[in-house]
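**Q** Below is the file start_2.txt, which contains compact mmCIF, N, CA and C atoms.
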```txt
# COMPACT_ATOMS: atom_id res chain seq x y z
N MET J 164 14.25 -4.76 3.16
CA MET J 164 15.08 -4.91 4.32
C MET J 164 15.54 -6.37 4.40
N LEU J 165 16.81 -6.57 4.75
CA LEU J 165 17.40 -7.89 4.79
C LEU J 165 18.22 -8.01 6.06
N ASN J 166 18.00 -9.09 6.82
CA ASN J 166 18.81 -9.33 8.02
C ASN J 166 20.18 -9.82 7.61
N ILE J 167 21.21 -9.33 8.29
CA ILE J 167 22.59 -9.62 7.93
C ILE J 167 23.32 -10.27 9.11
N GLN J 168 24.11 -11.31 8.80
CA GLN J 168 25.02 -11.92 9.75
C GLN J 168 26.24 -12.37 8.97
N GLY J 169 27.40 -12.29 9.57
CA GLY J 169 28.59 -12.80 8.90
C GLY J 169 29.85 -12.04 9.28
N PHE J 170 30.95 -12.46 8.65
CA PHE J 170 32.26 -11.89 8.92
C PHE J 170 32.58 -10.78 7.93
N ALA J 171 33.29 -9.77 8.40
CA ALA J 171 33.76 -8.68 7.54
C ALA J 171 34.93 -8.01 8.24
N LYS J 172 35.70 -7.26 7.46
CA LYS J 172 36.77 -6.45 8.04
C LYS J 172 36.31 -5.00 8.08
N VAL J 173 36.84 -4.24 9.04
CA VAL J 173 36.41 -2.86 9.27
C VAL J 173 37.53 -1.90 8.90
N THR J 174 37.17 -0.81 8.22
CA THR J 174 38.13 0.24 7.91
C THR J 174 37.41 1.59 7.95
N LYS J 175 38.14 2.68 7.89
CA LYS J 175 37.60 4.04 7.92
C LYS J 175 36.64 4.24 9.11
N ILE J 176 37.13 3.96 10.30
CA ILE J 176 36.31 4.00 11.51
C ILE J 176 36.20 5.43 12.01
N GLU J 177 34.95 5.89 12.22
CA GLU J 177 34.68 7.22 12.77
C GLU J 177 33.79 7.05 14.00
N ARG J 178 34.35 7.28 15.18
CA ARG J 178 33.61 7.09 16.42
C ARG J 178 32.90 8.38 16.82
N GLU J 179 31.63 8.26 17.14
CA GLU J 179 30.82 9.37 17.66
C GLU J 179 30.34 8.98 19.05
N ALA J 180 29.59 9.85 19.71
CA ALA J 180 29.13 9.58 21.07
C ALA J 180 28.15 8.41 21.15
N LYS J 181 27.19 8.34 20.21
CA LYS J 181 26.14 7.33 20.30
C LYS J 181 26.17 6.30 19.18
N PHE J 182 27.12 6.44 18.24
CA PHE J 182 27.21 5.49 17.13
C PHE J 182 28.63 5.52 16.57
N THR J 183 28.91 4.53 15.73
CA THR J 183 30.20 4.47 15.03
C THR J 183 29.93 4.25 13.56
N LYS J 184 30.56 5.03 12.70
CA LYS J 184 30.48 4.83 11.25
C LYS J 184 31.75 4.12 10.81
N ALA J 185 31.61 3.21 9.85
CA ALA J 185 32.77 2.50 9.33
C ALA J 185 32.44 1.93 7.96
N THR J 186 33.48 1.53 7.27
CA THR J 186 33.31 0.83 6.00
C THR J 186 33.66 -0.63 6.24
N LEU J 187 32.76 -1.52 5.86
CA LEU J 187 33.01 -2.95 5.96
C LEU J 187 33.45 -3.46 4.61
N TYR J 188 34.32 -4.45 4.61
CA TYR J 188 34.68 -5.07 3.34
C TYR J 188 34.95 -6.56 3.55
N TYR J 189 34.73 -7.30 2.51
CA TYR J 189 35.00 -8.73 2.50
C TYR J 189 35.37 -9.10 1.06
N GLY J 190 36.07 -10.20 0.91
CA GLY J 190 36.53 -10.59 -0.42
C GLY J 190 36.14 -12.01 -0.76
N ARG J 191 36.05 -12.24 -2.04
CA ARG J 191 35.82 -13.59 -2.57
C ARG J 191 36.94 -13.90 -3.54
N LYS J 192 37.48 -15.10 -3.40
CA LYS J 192 38.58 -15.50 -4.27
C LYS J 192 38.02 -16.03 -5.58
N ARG J 193 38.51 -15.46 -6.69
CA ARG J 193 38.10 -15.92 -8.01
C ARG J 193 38.89 -17.16 -8.40
N GLN J 194 38.49 -17.79 -9.49
CA GLN J 194 39.18 -18.99 -9.94
C GLN J 194 40.61 -18.69 -10.40
N ASP J 195 40.87 -17.47 -10.82
CA ASP J 195 42.23 -17.12 -11.25
C ASP J 195 43.15 -16.76 -10.08
N GLY J 196 42.64 -16.86 -8.84
CA GLY J 196 43.45 -16.60 -7.66
C GLY J 196 43.38 -15.18 -7.12
N GLU J 197 42.82 -14.26 -7.89
CA GLU J 197 42.66 -12.88 -7.45
C GLU J 197 41.39 -12.76 -6.60
N TYR J 198 41.28 -11.65 -5.86
CA TYR J 198 40.12 -11.42 -5.00
C TYR J 198 39.24 -10.30 -5.55
N ASP J 199 37.93 -10.47 -5.41
CA ASP J 199 36.97 -9.41 -5.65
C ASP J 199 36.51 -8.92 -4.29
N ASN J 200 36.76 -7.66 -3.97
CA ASN J 200 36.38 -7.10 -2.68
C ASN J 200 35.10 -6.29 -2.81
N THR J 201 34.26 -6.39 -1.80
CA THR J 201 33.02 -5.63 -1.73
C THR J 201 33.10 -4.72 -0.51
N PHE J 202 32.77 -3.45 -0.70
CA PHE J 202 32.80 -2.45 0.37
C PHE J 202 31.39 -1.93 0.60
N ILE J 203 31.03 -1.71 1.86
CA ILE J 203 29.72 -1.15 2.17
C ILE J 203 29.85 -0.28 3.41
N ASN J 204 29.20 0.88 3.39
CA ASN J 204 29.20 1.77 4.55
C ASN J 204 28.22 1.24 5.58
N ALA J 205 28.62 1.33 6.85
CA ALA J 205 27.78 0.80 7.92
C ALA J 205 27.76 1.78 9.09
N ILE J 206 26.71 1.68 9.87
CA ILE J 206 26.60 2.43 11.11
C ILE J 206 26.34 1.42 12.22
N PHE J 207 27.12 1.53 13.29
CA PHE J 207 27.03 0.61 14.42
C PHE J 207 26.36 1.34 15.57
N VAL J 208 25.30 0.74 16.11
CA VAL J 208 24.54 1.35 17.20
C VAL J 208 24.41 0.33 18.34
N GLY J 209 24.04 0.82 19.52
CA GLY J 209 23.77 -0.08 20.65
C GLY J 209 24.99 -0.90 21.03
N ASN J 210 24.78 -2.22 21.18
CA ASN J 210 25.86 -3.12 21.58
C ASN J 210 27.01 -3.12 20.58
N ALA J 211 26.70 -3.00 19.31
CA ALA J 211 27.74 -3.00 18.27
C ALA J 211 28.63 -1.77 18.41
N HIS J 212 28.04 -0.62 18.73
CA HIS J 212 28.81 0.61 18.93
C HIS J 212 29.78 0.43 20.10
N GLU J 213 29.31 -0.17 21.18
CA GLU J 213 30.16 -0.41 22.34
C GLU J 213 31.27 -1.41 22.00
N SER J 214 30.94 -2.44 21.22
CA SER J 214 31.93 -3.47 20.84
C SER J 214 33.05 -2.90 19.98
N LEU J 215 32.75 -1.90 19.17
CA LEU J 215 33.75 -1.34 18.27
C LEU J 215 34.68 -0.34 18.95
N GLY J 216 34.57 -0.19 20.26
CA GLY J 216 35.37 0.78 20.99
C GLY J 216 36.87 0.60 20.82
N LYS J 217 37.35 -0.64 20.75
CA LYS J 217 38.79 -0.90 20.66
C LYS J 217 39.19 -1.53 19.33
N VAL J 218 38.34 -1.48 18.36
CA VAL J 218 38.63 -2.11 17.07
C VAL J 218 39.66 -1.29 16.30
N GLU J 219 40.58 -2.00 15.69
CA GLU J 219 41.61 -1.34 14.88
C GLU J 219 41.28 -1.46 13.41
N ASN J 220 41.91 -0.63 12.61
CA ASN J 220 41.71 -0.64 11.16
C ASN J 220 42.05 -2.02 10.59
N LYS J 221 41.22 -2.52 9.71
CA LYS J 221 41.37 -3.81 9.02
C LYS J 221 41.20 -5.02 9.92
N GLN J 222 40.60 -4.84 11.08
CA GLN J 222 40.33 -5.95 11.99
C GLN J 222 39.05 -6.67 11.56
N GLU J 223 39.05 -7.99 11.68
CA GLU J 223 37.87 -8.77 11.32
C GLU J 223 36.88 -8.80 12.48
N ILE J 224 35.60 -8.66 12.15
CA ILE J 224 34.53 -8.73 13.15
C ILE J 224 33.47 -9.71 12.68
N TYR J 225 32.62 -10.13 13.61
CA TYR J 225 31.47 -10.96 13.27
C TYR J 225 30.22 -10.15 13.55
N ILE J 226 29.40 -9.93 12.53
CA ILE J 226 28.13 -9.22 12.69
C ILE J 226 27.08 -10.25 13.04
N ASP J 227 26.52 -10.09 14.22
CA ASP J 227 25.53 -11.05 14.70
C ASP J 227 24.11 -10.60 14.39
N ASN J 228 23.90 -9.29 14.29
CA ASN J 228 22.55 -8.79 14.03
C ASN J 228 22.66 -7.44 13.32
N GLY J 229 22.20 -7.40 12.08
CA GLY J 229 22.22 -6.16 11.31
C GLY J 229 21.13 -6.16 10.27
N ILE J 230 20.81 -4.98 9.76
CA ILE J 230 19.76 -4.83 8.74
C ILE J 230 20.33 -4.06 7.56
N LEU J 231 20.13 -4.61 6.37
CA LEU J 231 20.53 -3.95 5.13
C LEU J 231 19.28 -3.41 4.46
N GLU J 232 19.28 -2.12 4.18
CA GLU J 232 18.12 -1.48 3.55
C GLU J 232 18.55 -0.75 2.29
N ASN J 233 17.67 -0.72 1.31
CA ASN J 233 17.87 0.05 0.10
C ASN J 233 17.05 1.33 0.25
N ILE J 234 17.71 2.45 0.40
CA ILE J 234 17.05 3.73 0.65
C ILE J 234 16.91 4.49 -0.67
N ALA J 235 15.69 4.86 -1.02
CA ALA J 235 15.44 5.63 -2.24
C ALA J 235 15.20 7.10 -1.86
N TYR J 236 15.72 8.01 -2.69
CA TYR J 236 15.53 9.43 -2.46
C TYR J 236 15.63 10.18 -3.78
N VAL J 237 15.25 11.45 -3.76
CA VAL J 237 15.34 12.31 -4.94
C VAL J 237 16.41 13.35 -4.65
N ASP J 238 17.41 13.47 -5.54
CA ASP J 238 18.49 14.42 -5.30
C ASP J 238 18.07 15.85 -5.67
N LYS J 239 18.99 16.79 -5.52
CA LYS J 239 18.69 18.21 -5.77
C LYS J 239 18.28 18.48 -7.21
N GLU J 240 18.74 17.64 -8.12
CA GLU J 240 18.42 17.81 -9.54
C GLU J 240 17.13 17.09 -9.93
N GLY J 241 16.45 16.48 -8.96
CA GLY J 241 15.19 15.80 -9.22
C GLY J 241 15.34 14.37 -9.73
N LYS J 242 16.54 13.83 -9.67
CA LYS J 242 16.77 12.46 -10.13
C LYS J 242 16.55 11.47 -8.99
N ASN J 243 15.95 10.33 -9.31
CA ASN J 243 15.77 9.27 -8.33
C ASN J 243 17.10 8.58 -8.08
N ARG J 244 17.45 8.44 -6.82
CA ARG J 244 18.71 7.82 -6.41
C ARG J 244 18.44 6.76 -5.36
N GLN J 245 19.41 5.88 -5.17
CA GLN J 245 19.31 4.86 -4.14
C GLN J 245 20.68 4.64 -3.51
N PHE J 246 20.68 4.22 -2.25
CA PHE J 246 21.92 3.79 -1.60
C PHE J 246 21.59 2.70 -0.60
N LEU J 247 22.59 1.86 -0.31
CA LEU J 247 22.41 0.80 0.67
C LEU J 247 22.83 1.32 2.04
N LYS J 248 22.02 1.01 3.04
CA LYS J 248 22.30 1.41 4.42
C LYS J 248 22.37 0.14 5.27
N LEU J 249 23.53 -0.09 5.90
CA LEU J 249 23.69 -1.23 6.79
C LEU J 249 23.75 -0.71 8.22
N THR J 250 22.80 -1.13 9.02
CA THR J 250 22.77 -0.77 10.44
C THR J 250 23.08 -2.03 11.23
N VAL J 251 24.13 -1.98 12.04
CA VAL J 251 24.57 -3.14 12.82
C VAL J 251 24.18 -2.92 14.28
N PHE J 252 23.49 -3.91 14.86
CA PHE J 252 23.04 -3.82 16.24
C PHE J 252 23.92 -4.61 17.20
N ASP J 253 24.42 -5.77 16.76
CA ASP J 253 25.28 -6.61 17.59
C ASP J 253 26.46 -7.07 16.76
N ALA J 254 27.66 -6.94 17.33
CA ALA J 254 28.88 -7.40 16.65
C ALA J 254 29.86 -7.91 17.68
N VAL J 255 30.63 -8.91 17.29
CA VAL J 255 31.66 -9.49 18.15
C VAL J 255 33.00 -9.14 17.53
N THR J 256 33.87 -8.54 18.34
CA THR J 256 35.15 -8.08 17.81
C THR J 256 36.33 -8.92 18.26
N ASP J 257 36.19 -9.68 19.33
CA ASP J 257 37.28 -10.52 19.83
C ASP J 257 37.24 -11.85 19.08
N LYS J 258 38.30 -12.15 18.33
CA LYS J 258 38.32 -13.34 17.49
C LYS J 258 38.08 -14.62 18.31
N LYS J 259 38.49 -14.65 19.55
CA LYS J 259 38.27 -15.83 20.41
C LYS J 259 36.79 -16.03 20.69
N MET J 260 36.02 -14.96 20.58
CA MET J 260 34.60 -15.01 20.93
C MET J 260 33.70 -15.33 19.74
N PHE J 261 34.24 -15.36 18.52
CA PHE J 261 33.41 -15.56 17.33
C PHE J 261 32.51 -16.78 17.46
N ILE J 262 33.08 -17.90 17.85
CA ILE J 262 32.32 -19.14 17.91
C ILE J 262 31.73 -19.37 19.29
N SER J 263 32.37 -18.84 20.33
CA SER J 263 31.93 -19.16 21.68
C SER J 263 30.79 -18.28 22.19
N THR J 264 30.43 -17.21 21.47
CA THR J 264 29.34 -16.37 21.96
C THR J 264 28.02 -17.12 21.87
N GLU J 265 27.19 -16.89 22.82
CA GLU J 265 25.91 -17.60 22.88
C GLU J 265 25.05 -17.29 21.66
N SER J 266 25.04 -16.03 21.23
CA SER J 266 24.17 -15.66 20.12
C SER J 266 24.69 -16.17 18.79
N SER J 267 26.02 -16.16 18.58
CA SER J 267 26.54 -16.62 17.29
C SER J 267 26.57 -18.14 17.20
N ALA J 268 26.63 -18.81 18.35
CA ALA J 268 26.70 -20.27 18.34
C ALA J 268 25.45 -20.89 17.74
N LYS J 269 24.32 -20.26 17.89
CA LYS J 269 23.09 -20.83 17.35
C LYS J 269 23.05 -20.78 15.82
N TYR J 270 23.95 -20.02 15.20
CA TYR J 270 23.96 -19.92 13.75
C TYR J 270 25.02 -20.81 13.11
N GLN J 271 25.77 -21.55 13.93
CA GLN J 271 26.77 -22.44 13.38
C GLN J 271 26.09 -23.63 12.70
N PRO J 272 26.62 -24.11 11.58
CA PRO J 272 25.99 -25.22 10.89
C PRO J 272 25.97 -26.46 11.76
N LYS J 273 24.92 -27.18 11.69
CA LYS J 273 24.75 -28.41 12.44
C LYS J 273 24.65 -29.57 11.46
N THR J 274 25.09 -30.75 11.89
CA THR J 274 24.93 -31.93 11.05
C THR J 274 23.78 -32.74 11.61
N ALA J 275 23.08 -33.41 10.75
CA ALA J 275 21.92 -34.19 11.17
C ALA J 275 22.06 -35.61 10.64
N LYS J 276 21.55 -36.55 11.39
CA LYS J 276 21.55 -37.94 10.97
C LYS J 276 20.10 -38.32 10.63
N VAL J 277 19.91 -38.82 9.44
CA VAL J 277 18.57 -39.20 9.01
C VAL J 277 18.37 -40.67 9.35
N VAL J 278 17.30 -40.96 10.06
CA VAL J 278 17.00 -42.35 10.42
C VAL J 278 15.60 -42.71 9.99
N ASN J 279 15.41 -43.96 9.64
CA ASN J 279 14.09 -44.50 9.27
C ASN J 279 13.40 -43.66 8.20
N MET J 280 14.12 -43.32 7.17
CA MET J 280 13.53 -42.54 6.09
C MET J 280 12.90 -43.49 5.08
N LYS J 281 11.61 -43.40 4.91
CA LYS J 281 10.90 -44.24 3.97
C LYS J 281 10.34 -43.38 2.85
N PRO J 282 10.52 -43.83 1.60
CA PRO J 282 9.97 -43.03 0.50
C PRO J 282 8.45 -43.03 0.54
N ARG J 283 7.89 -41.88 0.21
CA ARG J 283 6.43 -41.78 0.13
C ARG J 283 6.02 -41.88 -1.33
N THR J 284 5.02 -42.69 -1.60
CA THR J 284 4.52 -42.83 -2.97
C THR J 284 3.02 -42.64 -2.97
N ARG J 285 2.52 -42.24 -4.12
CA ARG J 285 1.07 -42.08 -4.31
C ARG J 285 0.71 -42.63 -5.67
N ASN J 286 -0.44 -43.19 -5.74
CA ASN J 286 -0.97 -43.59 -7.04
C ASN J 286 -1.81 -42.43 -7.56
N ILE J 287 -1.46 -41.97 -8.73
CA ILE J 287 -2.16 -40.84 -9.33
C ILE J 287 -2.91 -41.35 -10.55
N GLU J 288 -4.17 -41.02 -10.60
CA GLU J 288 -5.01 -41.44 -11.72
C GLU J 288 -5.31 -40.21 -12.56
N PHE J 289 -5.04 -40.31 -13.87
CA PHE J 289 -5.28 -39.20 -14.78
C PHE J 289 -6.61 -39.41 -15.49
N THR J 290 -7.37 -38.35 -15.59
CA THR J 290 -8.62 -38.36 -16.36
C THR J 290 -8.49 -37.32 -17.44
N PRO J 291 -8.44 -37.75 -18.69
CA PRO J 291 -8.31 -36.77 -19.79
C PRO J 291 -9.53 -35.86 -19.87
N VAL J 292 -9.29 -34.61 -20.21
CA VAL J 292 -10.36 -33.63 -20.30
C VAL J 292 -11.28 -33.95 -21.48
N ASP J 293 -10.69 -34.35 -22.60
CA ASP J 293 -11.51 -34.62 -23.80
C ASP J 293 -12.01 -36.05 -23.86
N GLY J 294 -11.70 -36.87 -22.86
CA GLY J 294 -12.17 -38.24 -22.85
C GLY J 294 -11.28 -39.20 -23.62
N GLY J 295 -10.23 -38.69 -24.27
CA GLY J 295 -9.35 -39.55 -25.08
C GLY J 295 -8.26 -40.18 -24.24
N ASP J 296 -7.47 -41.01 -24.86
CA ASP J 296 -6.37 -41.69 -24.18
C ASP J 296 -5.15 -40.75 -24.11
N ILE J 297 -4.40 -40.91 -23.06
CA ILE J 297 -3.18 -40.15 -22.90
C ILE J 297 -2.01 -41.05 -23.23
N GLU J 298 -1.11 -40.58 -24.08
CA GLU J 298 0.07 -41.35 -24.44
C GLU J 298 1.28 -40.74 -23.76
N PHE J 299 2.12 -41.64 -23.26
CA PHE J 299 3.36 -41.20 -22.61
C PHE J 299 4.55 -41.70 -23.38
```
As structure tokens - that is how I would like this structure written.
**A**
Amino acid sequence: MLNIQGFAKVTKIEREAKFTKATLYYGRKRQDGEYDNTFINAIFVGNAHESLGKVENKQEIYIDNGILENIAYVDKEGKNRQFLKLTVFDAVTDKKMFISTESSAKYQPKTAKVVNMKPRTRNIEFTPVDGGDIEF
């Protein structure tokens, strides 16, 4: 199980009474200028389900709290299979709220100033196991 946070776009949205199913995708730009897109099926529950009420196809969202699990099972033919299951608990859909939400703000990178940093040193004495000299 892996905790998930980050931006993704939503497509293939299927709204149910207590949850929403959708496909999330995001892309990475390669050095040649083309994009590699990754797609993953997700289920939105709780606050995330409520947040996705007005989401449109291909809209970007911020996942604030989700779990990615690798589910193992045996199919009808007796073969071992696996699939990834992403369950999203909290998501922000209003682009204006991405940075201003209280929960997502704590995950924004912070800069730190280092002051009075002194190197630590130790004197280490080597004792050879065989009693001989050690050459470096």
**Q** Which value, in Å to one decimal, gives the distance between CA of Ile176 in chain J and CA of Thr250 in chain J?
**A**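 Separation of CA of Ile176 in chain J and CA of Thr250 in chain J: 14.4 Å.
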**Q** Please report the interatomic distance between atom C of Ile206 in chain J and atom N of Glu232 in chain J in Å with one decimal.
**A**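 Between atom C of Ile206 in chain J and atom N of Glu232 in chain J the gap is 11.3 Å.
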**Q** Can you tell me which residues surround Asn228 in chain J at a distance of at most 7 Å, considering all atoms listed in the file, apart from same-chain residues fewer than 4 positions away, and format the answer as a count of residues only?
**A** 9
**Q** With distances taken over only N, CA and C atoms, which residue among J:Asp199, J:Ala205, J:Lys248, J:Lys221 lies nearest Thr186 in chain J?
**A**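 Once distances to Thr186 in chain J are computed over only N, CA and C atoms, the minimum belongs to J:Ala205.
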**Q** Excluding same-chain residues fewer than 4 positions from Ser214 in chain J, what lies within 8 Å of it counting all atoms listed in the file, as a CSV table (one decimal) with N, CA and C atoms, in the coordinates of the input?
**A**
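Once everything was written out, this is out-v2.csv:
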```
chain,number,residue,atom,x,y,z
J,208,VAL,N,25.3,0.7,16.1
J,208,VAL,CA,24.5,1.4,17.2
J,208,VAL,C,24.4,0.3,18.3
J,209,GLY,N,24.0,0.8,19.5
J,209,GLY,CA,23.8,-0.1,20.6
J,209,GLY,C,25.0,-0.9,21.0
J,210,ASN,N,24.8,-2.2,21.2
J,210,ASN,CA,25.9,-3.1,21.6
J,210,ASN,C,27.0,-3.1,20.6
J,218,VAL,N,38.3,-1.5,18.4
J,218,VAL,CA,38.6,-2.1,17.1
J,218,VAL,C,39.7,-1.3,16.3
J,253,ASP,N,24.4,-5.8,16.8
J,253,ASP,CA,25.3,-6.6,17.6
J,253,ASP,C,26.5,-7.1,16.8
J,254,ALA,N,27.7,-6.9,17.3
J,254,ALA,CA,28.9,-7.4,16.6
J,254,ALA,C,29.9,-7.9,17.7
J,255,VAL,N,30.6,-8.9,17.3
J,255,VAL,CA,31.7,-9.5,18.2
J,255,VAL,C,33.0,-9.1,17.5
J,256,THR,N,33.9,-8.5,18.3
J,256,THR,CA,35.2,-8.1,17.8
J,256,THR,C,36.3,-8.9,18.3
J,257,ASP,N,36.2,-9.7,19.3
J,257,ASP,CA,37.3,-10.5,19.8
J,257,ASP,C,37.2,-11.8,19.1
```
**Q** Here is a test: counting only N, CA and C atoms, which residue of J:Ala235, J:Leu165, J:Ala185, J:Val173 is nearest to Asn220 in chain J?
**A**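 Closest residue, counting only N, CA and C atoms: J:Val173.
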**Q** What does the distance from CA of Glu219 in chain J to atom N of Arg191 in chain J come to in Å, to one decimal?
**A** 20.9 Å
